Each structure stands twice: as structure tokens, then as C-alpha cells.
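Asker: Data file work14.cif (mmCIF, C-alpha atoms) is appended below.
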data_data
loop_
_atom_site.label_atom_id
_atom_site.label_comp_id
_atom_site.auth_asym_id
_atom_site.auth_seq_id
_atom_site.Cartn_x
_atom_site.Cartn_y
_atom_site.Cartn_z
CA MET A 1 8.13 -29.96 -10.86
CA ASP A 2 5.66 -27.05 -10.75
CA TRP A 3 8.26 -24.35 -11.25
CA GLN A 4 9.71 -26.18 -14.26
CA ARG A 5 6.27 -26.49 -15.85
CA SER A 6 5.64 -22.81 -15.13
CA SER A 7 8.97 -21.81 -16.71
CA LYS A 8 8.28 -23.90 -19.81
CA GLY A 9 4.80 -22.38 -20.06
CA LYS A 10 6.21 -18.85 -19.94
CA ARG A 11 8.79 -19.63 -22.63
CA ALA A 12 6.10 -21.15 -24.84
CA LEU A 13 3.94 -18.05 -24.31
CA ILE A 14 6.81 -15.73 -25.27
CA VAL A 15 7.62 -17.75 -28.40
CA GLY A 16 3.95 -17.85 -29.38
CA ALA A 17 3.57 -14.10 -28.90
CA TRP A 18 6.73 -13.47 -30.95
CA ILE A 19 5.44 -15.65 -33.82
CA LEU A 20 2.12 -13.79 -33.82
CA VAL A 21 3.90 -10.40 -33.93
CA VAL A 22 6.11 -11.52 -36.81
CA LEU A 23 3.13 -12.88 -38.77
CA PHE A 24 1.09 -9.75 -38.11
CA PHE A 25 3.69 -7.27 -39.34
CA ALA A 26 4.71 -9.49 -42.27
CA SER A 27 1.08 -9.77 -43.34
CA GLN A 28 0.54 -6.02 -43.03
CA ARG A 29 3.50 -5.24 -45.31
CA TYR A 30 2.58 -7.97 -47.78
CA ILE A 31 -1.03 -6.79 -48.06
CA TYR A 32 0.10 -3.19 -48.51
CA ASP A 33 2.51 -4.06 -51.34
CA ALA A 34 0.01 -6.47 -52.92
CA THR A 35 -2.66 -3.77 -53.13
CA HIS A 36 -0.13 -1.55 -54.93
CA GLY A 37 0.87 -4.32 -57.35
CA ASP A 38 4.45 -4.57 -56.04
CA ALA A 39 4.43 -7.56 -53.68
CA ALA A 40 7.38 -9.93 -53.34
CA ARG A 41 7.21 -13.46 -52.03
CA PHE A 42 5.65 -13.76 -48.55
CA THR A 43 8.86 -15.41 -47.27
CA TYR A 44 10.64 -12.12 -47.86
CA TYR A 45 8.24 -10.28 -45.56
CA LEU A 46 8.51 -13.06 -42.99
CA ALA A 47 12.30 -12.87 -42.99
CA SER A 48 12.29 -9.07 -42.80
CA SER A 49 9.80 -9.03 -39.92
CA ALA A 50 11.67 -11.81 -38.11
CA TYR A 51 14.89 -9.80 -38.37
CA ILE A 52 13.27 -6.67 -36.94
CA TRP A 53 11.55 -8.40 -34.01
CA GLY A 54 13.89 -11.32 -33.47
CA VAL A 55 17.30 -9.74 -34.01
CA LEU A 56 17.12 -5.96 -34.15
CA THR A 57 14.72 -5.38 -31.24
CA PRO A 58 16.59 -7.59 -28.69
CA LEU A 59 19.91 -6.01 -29.71
CA VAL A 60 18.52 -2.49 -29.40
CA LEU A 61 17.16 -3.31 -25.94
CA LEU A 62 20.51 -4.83 -24.96
CA PHE A 63 22.49 -1.84 -26.24
CA GLY A 64 20.04 0.59 -24.64
CA LYS A 65 20.43 -1.11 -21.28
CA ARG A 66 24.22 -1.33 -21.62
CA TRP A 67 24.67 2.23 -22.91
CA PRO A 68 21.72 4.34 -21.72
CA VAL A 69 21.32 7.84 -23.10
CA ASP A 70 20.85 10.32 -20.27
CA GLU A 71 22.31 13.61 -19.10
CA ARG A 72 25.37 11.88 -17.63
CA THR A 73 26.22 9.33 -20.32
CA TRP A 74 24.97 10.73 -23.63
CA LYS A 75 28.39 11.89 -24.83
CA ARG A 76 29.70 8.35 -24.63
CA SER A 77 26.48 6.49 -25.51
CA VAL A 78 25.30 8.42 -28.59
CA PRO A 79 28.38 7.63 -30.74
CA ILE A 80 28.08 3.96 -29.77
CA HIS A 81 24.45 3.91 -30.84
CA ILE A 82 25.25 5.68 -34.11
CA LEU A 83 27.81 3.00 -34.96
CA ALA A 84 25.47 0.22 -33.81
CA SER A 85 22.56 1.59 -35.88
CA LEU A 86 24.75 1.83 -39.00
CA ALA A 87 26.15 -1.67 -38.51
CA LEU A 88 22.76 -3.28 -37.86
CA THR A 89 21.24 -1.37 -40.75
CA ALA A 90 23.96 -2.62 -43.09
CA VAL A 91 23.46 -6.21 -41.93
CA GLY A 92 19.69 -5.94 -42.18
CA VAL A 93 19.65 -4.35 -45.64
CA PHE A 94 22.23 -6.85 -46.92
CA ALA A 95 20.11 -9.76 -45.67
CA GLU A 96 16.96 -8.17 -47.08
CA ALA A 97 18.57 -7.63 -50.48
CA SER A 98 19.90 -11.18 -50.54
CA ILE A 99 16.51 -12.70 -49.77
CA ALA A 100 14.80 -10.56 -52.42
CA TRP A 101 17.54 -11.26 -55.04
CA LEU A 102 17.59 -15.08 -54.78
CA PRO A 103 14.30 -15.71 -56.66
CA HIS A 104 15.43 -13.32 -59.46
CA LYS A 105 19.16 -14.03 -59.62
CA GLU A 106 18.93 -15.07 -63.27
CA SER A 107 17.69 -11.66 -64.36
CA TRP A 108 18.86 -9.36 -61.60
CA ALA A 109 22.45 -8.63 -60.69
CA PHE A 110 23.25 -8.86 -56.97
CA THR A 111 24.99 -5.47 -57.01
CA ALA A 112 21.84 -3.93 -58.48
CA ALA A 113 19.75 -5.52 -55.73
CA LEU A 114 22.12 -4.19 -53.06
CA ARG A 115 22.04 -0.72 -54.61
CA HIS A 116 18.25 -0.76 -54.75
CA TYR A 117 17.71 -1.83 -51.13
CA PHE A 118 20.47 0.35 -49.71
CA THR A 119 18.98 3.32 -51.56
CA HIS A 120 15.38 2.74 -50.48
CA HIS A 121 15.57 0.94 -47.10
CA VAL A 122 18.50 2.43 -45.17
CA GLN A 123 16.38 5.30 -43.86
CA ILE A 124 13.65 2.93 -42.70
CA CYS A 125 16.12 0.66 -40.87
CA LEU A 126 17.82 3.62 -39.18
CA LEU A 127 14.47 5.06 -38.10
CA THR A 128 13.46 1.64 -36.80
CA TYR A 129 16.62 1.40 -34.68
CA TRP A 130 16.26 4.88 -33.19
CA GLY A 131 12.50 4.47 -32.75
CA LEU A 132 13.03 1.26 -30.78
CA LEU A 133 15.78 2.95 -28.74
CA ALA A 134 13.51 5.92 -27.96
CA ALA A 135 10.67 3.59 -26.94
CA PHE A 136 13.04 1.70 -24.64
CA HIS A 137 14.19 4.90 -22.93
CA ILE A 138 10.64 6.19 -22.54
CA TYR A 139 9.71 2.92 -20.83
CA ARG A 140 12.88 3.08 -18.71
CA LEU A 141 12.03 6.59 -17.52
CA TYR A 142 8.49 5.47 -16.69
CA ASP A 143 9.77 2.39 -14.86
CA GLU A 144 12.29 4.43 -12.84
CA ALA A 145 9.60 6.95 -11.88
CA ARG A 146 7.29 4.11 -10.80
CA ARG A 147 10.08 2.52 -8.76
CA ARG A 148 10.81 5.84 -7.06
CA GLU A 149 7.12 6.23 -6.20
CA LEU A 150 6.95 2.71 -4.79
CA HIS A 151 10.13 3.30 -2.79
CA ALA A 152 8.80 6.60 -1.43
CA ALA A 153 5.46 4.97 -0.55
CA ARG A 154 7.30 2.13 1.20
CA LEU A 155 9.41 4.57 3.19
CA GLU A 156 6.32 6.59 4.12
CA ALA A 157 4.53 3.43 5.26
CA GLN A 158 7.56 2.41 7.36
CA LEU A 159 7.70 5.89 8.89
CA THR A 160 3.99 5.82 9.69
CA GLU A 161 4.33 2.38 11.26
CA ALA A 162 7.24 3.57 13.39
CA GLN A 163 5.27 6.64 14.50
CA LEU A 164 2.22 4.53 15.39
CA THR A 165 4.37 2.10 17.37
CA ALA A 166 5.94 5.00 19.25
CA LEU A 167 2.49 6.40 20.07
CA ARG A 168 1.29 3.03 21.37
CA SER A 169 4.41 2.69 23.52
CA GLN A 170 3.55 6.10 25.03
CA LEU A 171 -0.01 5.02 25.81
CA GLN A 172 0.92 1.81 27.62
CA PRO A 173 3.21 3.36 30.27
CA HIS A 174 0.67 6.15 30.75
CA PHE A 175 -2.12 3.65 31.35
CA LEU A 176 0.08 1.44 33.57
CA PHE A 177 1.16 4.35 35.77
CA ASN A 178 -2.41 5.58 36.34
CA THR A 179 -3.71 2.10 37.20
CA LEU A 180 -0.87 1.38 39.63
CA GLN A 181 -1.53 4.73 41.25
CA ALA A 182 -5.17 3.74 41.73
CA ALA A 183 -4.09 0.46 43.36
CA THR A 184 -1.64 2.12 45.76
CA MET A 185 -4.40 4.45 46.96
CA LEU A 186 -6.38 1.41 48.17
CA ILE A 187 -3.57 -0.61 49.76
CA TYR A 188 -4.30 0.56 53.33
CA ASP A 189 -8.00 1.39 53.12
CA ASP A 190 -9.09 -1.59 50.98
CA PRO A 191 -6.35 -4.25 50.62
CA GLU A 192 -8.75 -6.70 48.98
CA GLY A 193 -9.76 -4.09 46.44
CA ALA A 194 -6.10 -3.27 45.71
CA GLU A 195 -5.41 -6.95 45.13
CA GLU A 196 -8.33 -7.24 42.70
CA ILE A 197 -7.09 -4.20 40.82
CA LEU A 198 -3.62 -5.68 40.46
CA LEU A 199 -5.03 -9.01 39.29
CA ALA A 200 -7.18 -7.23 36.73
CA LEU A 201 -4.18 -5.17 35.69
CA SER A 202 -2.16 -8.32 35.03
CA GLU A 203 -4.96 -9.56 32.75
CA LEU A 204 -4.99 -6.24 30.93
CA LEU A 205 -1.22 -6.34 30.44
CA ARG A 206 -1.46 -9.88 29.06
CA THR A 207 -4.06 -8.75 26.54
CA SER A 208 -2.01 -5.69 25.68
CA LEU A 209 1.09 -7.78 25.00
CA GLN A 210 -0.90 -10.16 22.78
CA THR A 211 -1.94 -7.24 20.56
CA LEU A 212 1.37 -5.37 20.85
CA ASN A 213 2.33 -5.82 17.18
CA GLN A 214 -1.17 -5.20 15.82
CA GLN A 215 -2.20 -1.64 15.07
CA GLU A 216 -5.81 -2.72 14.52
CA ILE A 217 -7.98 -5.30 16.30
CA PRO A 218 -11.70 -6.15 16.19
CA LEU A 219 -13.88 -3.82 18.22
CA ARG A 220 -15.14 -6.70 20.38
CA VAL A 221 -11.54 -7.38 21.52
CA GLU A 222 -11.12 -3.71 22.41
CA ILE A 223 -14.43 -3.83 24.31
CA GLU A 224 -13.31 -6.89 26.31
CA PHE A 225 -10.14 -5.02 27.22
CA LEU A 226 -12.19 -1.97 28.19
CA LYS A 227 -14.54 -4.03 30.38
CA ASN A 228 -11.56 -5.25 32.41
CA TYR A 229 -10.43 -1.67 32.77
CA ALA A 230 -13.96 -0.68 33.82
CA ALA A 231 -13.89 -3.38 36.50
CA ILE A 232 -10.77 -1.76 37.98
CA GLN A 233 -12.40 1.66 38.03
CA ARG A 234 -15.64 0.33 39.54
CA ARG A 235 -13.60 -1.22 42.34
CA ARG A 236 -11.87 2.09 42.88
CA PHE A 237 -15.03 4.27 42.96
CA GLY A 238 -17.59 1.74 44.17
CA ASP A 239 -21.29 2.46 43.62
CA ARG A 240 -20.57 6.01 42.52
CA LEU A 241 -19.43 4.85 39.07
CA ARG A 242 -21.38 2.78 36.56
CA PHE A 243 -20.63 1.72 32.99
CA ASP A 244 -23.16 1.09 30.24
CA PHE A 245 -21.99 -0.79 27.14
CA LYS A 246 -24.20 -0.69 24.03
CA ILE A 247 -22.28 -2.40 21.24
CA GLU A 248 -24.34 -3.41 18.22
CA GLU A 249 -23.62 -6.84 16.79
CA GLU A 250 -22.62 -5.72 13.30
CA ALA A 251 -20.06 -3.29 14.75
CA GLN A 252 -18.19 -5.83 16.85
CA CYS A 253 -16.05 -7.24 14.03
CA CYS A 254 -15.00 -3.81 12.69
CA ALA A 255 -11.34 -2.86 12.88
CA VAL A 256 -10.30 -0.23 15.41
CA PRO A 257 -6.84 0.84 16.62
CA SER A 258 -5.78 -1.17 19.67
CA LEU A 259 -5.99 0.73 22.97
CA LEU A 260 -8.22 3.28 21.27
CA LEU A 261 -11.03 3.58 23.82
CA GLN A 262 -9.26 3.18 27.15
CA PRO A 263 -7.63 6.66 27.13
CA LEU A 264 -10.98 8.22 26.23
CA VAL A 265 -12.82 6.42 29.04
CA GLU A 266 -9.99 7.31 31.39
CA ASN A 267 -10.45 10.99 30.51
CA ALA A 268 -14.20 10.72 31.11
CA ILE A 269 -13.52 9.33 34.60
CA GLN A 270 -10.71 11.74 35.38
CA HIS A 271 -12.68 14.88 34.45
CA GLY A 272 -15.97 13.59 35.83
CA ILE A 273 -16.16 11.53 38.97
CA GLY A 274 -12.42 12.02 39.51
CA VAL A 275 -12.95 15.70 40.40
CA ARG A 276 -16.64 15.72 41.49
CA LYS A 277 -18.35 13.96 44.38
CA GLN A 278 -21.53 13.09 42.50
CA SER A 279 -22.01 9.66 40.94
CA ASP A 280 -21.47 9.21 37.24
CA VAL A 281 -22.40 6.96 34.34
CA VAL A 282 -20.02 6.31 31.44
CA LEU A 283 -21.79 5.17 28.28
CA ILE A 284 -19.90 3.38 25.48
CA HIS A 285 -22.04 3.07 22.36
CA ALA A 286 -20.88 1.63 19.00
CA PHE A 287 -22.94 1.17 15.85
CA LEU A 288 -22.89 1.44 12.04
CA ASP A 289 -24.61 4.46 10.56
CA ASN A 290 -26.59 4.60 7.30
CA GLN A 291 -23.36 5.36 5.39
CA ASN A 292 -21.78 2.14 6.66
CA ARG A 293 -19.34 3.96 8.93
CA LEU A 294 -18.41 2.84 12.41
CA ILE A 295 -19.59 5.34 15.02
CA ILE A 296 -18.25 5.12 18.58
CA GLU A 297 -19.53 7.44 21.31
CA ILE A 298 -18.23 7.78 24.86
CA LYS A 299 -20.36 9.93 27.17
CA ASN A 300 -20.47 10.73 30.86
CA ARG A 301 -23.03 12.75 32.82
CA ASN A 302 -20.92 14.39 35.49
CA SER A 303 -18.35 16.56 33.74
CA ALA A 304 -18.14 19.64 31.56
CA LEU A 305 -15.66 21.20 29.20
CA ASP A 306 -14.23 24.22 30.99
CA GLU A 307 -11.93 25.05 28.07
CA THR A 308 -11.74 24.54 24.34
CA PRO A 309 -11.19 21.05 22.91
CA GLU A 310 -7.92 22.28 21.37
CA ASN A 311 -6.49 23.11 24.81
CA LEU A 312 -7.61 19.76 26.21
CA VAL A 313 -5.93 17.92 23.36
CA SER A 314 -2.67 19.83 23.73
CA ARG A 315 -2.45 19.03 27.45
CA GLY A 316 -3.65 15.43 27.52
CA VAL A 317 -1.47 12.48 26.54
CA GLY A 318 -4.48 10.21 25.95
CA LEU A 319 -6.42 12.59 23.73
CA SER A 320 -3.46 13.86 21.72
CA ASN A 321 -2.15 10.35 21.08
CA THR A 322 -5.59 9.09 20.11
CA ILE A 323 -6.10 11.87 17.57
CA THR A 324 -2.59 11.46 16.16
CA ARG A 325 -3.02 7.71 15.74
CA LEU A 326 -6.36 8.17 14.00
CA GLU A 327 -4.82 10.70 11.59
CA ARG A 328 -1.86 8.42 10.85
CA LEU A 329 -4.06 5.37 10.24
CA TYR A 330 -7.05 6.87 8.44
CA GLY A 331 -6.14 10.40 7.36
CA SER A 332 -9.21 12.37 6.28
CA ARG A 333 -11.42 9.27 6.47
CA GLN A 334 -11.79 9.66 10.26
CA VAL A 335 -13.63 12.26 12.33
CA PHE A 336 -12.94 13.01 16.01
CA ALA A 337 -15.21 15.35 17.96
CA ILE A 338 -15.69 16.34 21.59
CA ARG A 339 -18.61 18.42 22.89
CA ASN A 340 -20.65 19.35 25.95
CA LEU A 341 -23.98 17.64 26.59
CA SER A 342 -27.11 19.29 27.93
CA PRO A 343 -27.78 19.84 30.79
CA ARG A 344 -24.43 18.34 31.85
CA GLY A 345 -21.87 15.90 30.55
CA VAL A 346 -19.31 15.48 27.81
CA ALA A 347 -19.41 13.31 24.69
CA VAL A 348 -16.54 12.12 22.54
CA SER A 349 -17.52 10.71 19.15
CA LEU A 350 -15.45 8.86 16.56
CA SER A 351 -16.38 8.13 12.97
CA LEU A 352 -14.20 5.53 11.24
CA PRO A 353 -14.34 3.50 8.02
CA ALA A 354 -16.29 0.30 8.76
CA ARG A 355 -13.81 -2.39 7.75
CA PRO A 356 -14.37 -5.89 9.14
CA LEU A 357 -11.25 -7.86 10.05
CA PRO A 358 -10.88 -11.41 8.68
CA LEU A 359 -12.85 -13.89 10.78
CA ARG A 360 -9.87 -16.08 11.61
CA ILE A 361 -7.98 -13.10 13.07
CA ALA A 362 -11.00 -11.98 15.04
CA GLU A 363 -11.56 -15.47 16.47
CA PHE A 364 -7.92 -15.83 17.48
CA GLU A 365 -7.81 -12.50 19.24
CA THR A 366 -11.14 -13.03 20.97
CA GLN A 367 -9.96 -16.35 22.35
CA ALA A 368 -6.76 -14.71 23.51
CA VAL A 369 -8.56 -12.31 25.84
CA VAL A 370 -11.36 -14.50 27.15
#
Here is the file; what I need is its structure written in the form of C-alpha cells.
Answerer:
Amino acid sequence: MDWQRSSKGKRALIVGAWILVVLFFASQRYIYDATHGDAARFTYYLASSAYIWGVLTPLVLLFGKRWPVDERTWKRSVPIHILASLALTAVGVFAEASIAWLPHKESWAFTAALRHYFTHHVQICLLTYWGLLAAFHIYRLYDEARRRELHAARLEAQLTEAQLTALRSQLQPHFLFNTLQAATMLIYDDPEGAEEILLALSELLRTSLQTLNQQEIPLRVEIEFLKNYAAIQRRRFGDRLRFDFKIEEEAQCCAVPSLLLQPLVENAIQHGIGVRKQSDVVLIHAFLDNQNRLIIEIKNRNSALDETPENLVSRGVGLSNTITRLERLYGSRQVFAIRNLSPRGVAVSLSLPARPLPLRIAEFETQAVV
């Protein structure tokens, strides 16, 4: 099976890496002693290196994990590590002395070999133990810090997702209430028009439900949704209201927050033809600028800002939710601006990172709304 082959491959890789480490350190020590005219047999260096990396290191890691040294446990852990370091040092030096004594046993007493290696190598073995233990704890502290950062980032992402979902749930009832209100105004004067509005509304709700769990959708899906909304408003205002869509081809696959444009167009209608008797044109223009950013502009010719943009945002559900969603999704990478046009009119402009959605997602969502 694949997982068995993968497991065997990993074990072989670990064993191969361990052999290379042992050979490397054994060779380094052998070459050093050979250049100083005091080299023993190479098997001695192999055995010594194998003990350090094959016995001592795993045991130090095991003891370090079982008895960590931190501000809460150091009083209990430090004595254990002192005893462990002494015991492992004694075992290691005894094995080292035995391996070095065997080729010279005829001329070298074993007690003399033990005395020599315990005198010269105890400090090195102790330093090796505590060096490995310190390295383990440094890595453990780094790993714990990384885990905390990942956990905090995950919690922040979950919080942001919950906030975005709450903002979308606020937008949908707001949009539904306003559209139903428009339909009720036509029930007696234009029953056929009221029926068309309700049919269009059902199509909009279907599309909205299909993208309910998606914070971002392709711009062309958002535009299809907006065109259905525009059809409702044209039925409501008749020839007095006209829409002009100018959506460049390369911008259509770019990701935008779902239900991004409808509240902005609704504001343009509400503060334009909704309060003035003159006719109006709402222009929706989307394109990529020379910095490869998605620019979306919504303009109308029959309204004016009678107060500061800050006051408008604080009072309007659509504007405030739109700005908050953009900040949650894109942070400082987005720009939202609203301004008066000359001689009359208001323009809202958005600048977003141009990030195409995968084609398969875009195709699925486009089919869902057609």
C-alpha cells in the first residue's frame, strides 16, 4: 500500500541521515587526531560517534520531554538531569575506554585505560549532555511560540469570518426589506409591475442563498446579481432611471465580496432619483488600472453630498457595512472613497487587489445565476 511504502521510505531516510551524521563526526575527530599524531583506530571514533548520536541524543530528548526544565518544574527536573547526565557519562566513558583498551590489552591495564578516559573525557560527555538538553529546550520554546502564533492567527481568522458573516446577514434583511417596500408601493397602482418585482426578488434571493457561504465571488457573478436588482429599480422608476454597465473583460473574473455593489447602487438611487424628480443615470464601471488593481466606480448624475462622507457612513447601514467588510477582508490593501462630481452627481470608488478566482469556481457560480 502507498502509506506503507511512504512509511518505509521515511524510516530509510532517517536511518540514512543518521549514518551520514555518525560518519561525518567520526571522520572529523579521526582527522583531527591524525593530524596531531594521536589517532586511534577508526572503529573507536565510529563507536563513540554512534553512542553520542544513537544512544545519548535520543535519551536526552526523551528525558527533556519527560522532565522539562522551566519555571514551574526546574526544582524537580534539574536533579533528575544531573543524575541522568552522570549515569550516561559513566556508561559512555566506560564503553569508550573499553573500545580503546581492547587493541592494547596486552600492554595497557584496563584500570589505567578507565582512569585515562574518566580523567580526560568526563567533562566532554557532561557538556555534550547539557548542550543537547539546552538545544532541545531552545527548540521547544521556539516550537511553543510558533504554535501560539498559529493558534492566535487561527482564532483571529475565525473571529474575522464570524464578523464578516454577521455583516452579510445584516445586509440581506436590509436589502430584502427595501425591495419588498418598493413592491408594496406598486401593488395598487401597477399590479403587473409589483408582480415582476417579486419575481425578480425571488431570483435575487436564490442567487444570494447560493453564495451565502462565500465571502468572495467573481465580479461577473456580482454584476449579474446587480443587473437583476437594476431591473427591479427600473420597473419602480420607469423611464426616469437608467443604468449603464461598463465592465471590462479582464476585470470580470476578479474576486469581490458578495453583495458588495448592491448597497452602493441602492444608496445612489435613494439619494438621487429617490428624493429628486429629475431623471438619473447610474454608471457602474469596473476595470484594472496600470498597477493591476481592480477599480470599481459607481456614479449617478442627480445627487449631491449635503454632508461629510463620515456622517453618511455613520448613518447608513449599506455604506458602513461595506466599508467594514472591506477592512476585514483586505485591511490596508483596499481604498474606499466617496466624492461629489461636477457640476452634479456623486461617485463612489473602490480599489481592491486584483485576484482572479479559480476558473472552475467562477464557472460554477456563473451557471448558478444564469
Asker: Step by step, work through what the PyMOL selection byres ((chain A and resi 69) around 12) selects in the shown file, and finish by giving those residues as a PyMOL selection string.
Answerer: chain A and resi 63-68+70-82+130+133-134+136-138+140-141
Asker: Restricting the calculation to only C-alpha atoms, which member of A:Gln123, A:Gln262, A:Ser202, A:Asn302 is positioned closest to Leu241 in chain A?
Answerer: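 Closest to Leu241 in chain A, using only C-alpha atoms: A:Asn302.
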Asker: In Å, how far is it from CA of Tyr330 in chain A to CA of Asp143 in chain A?
Answerer: 29.1 Å
Asker: Just to confirm, what's the straight-line distance from CA of Asn290 in chain A to CA of Ala347 in chain A in Å (one decimal)?
Answerer: 20.7 Å
Asker: Enumerate, as a PyMOL selection string, the residues matched when the PyMOL selection byres ((chain A and resi 233) around 10) is run on the file above.
Answerer: chain A and resi 179+182-183+197+227-232+234-238+241-243+266+269
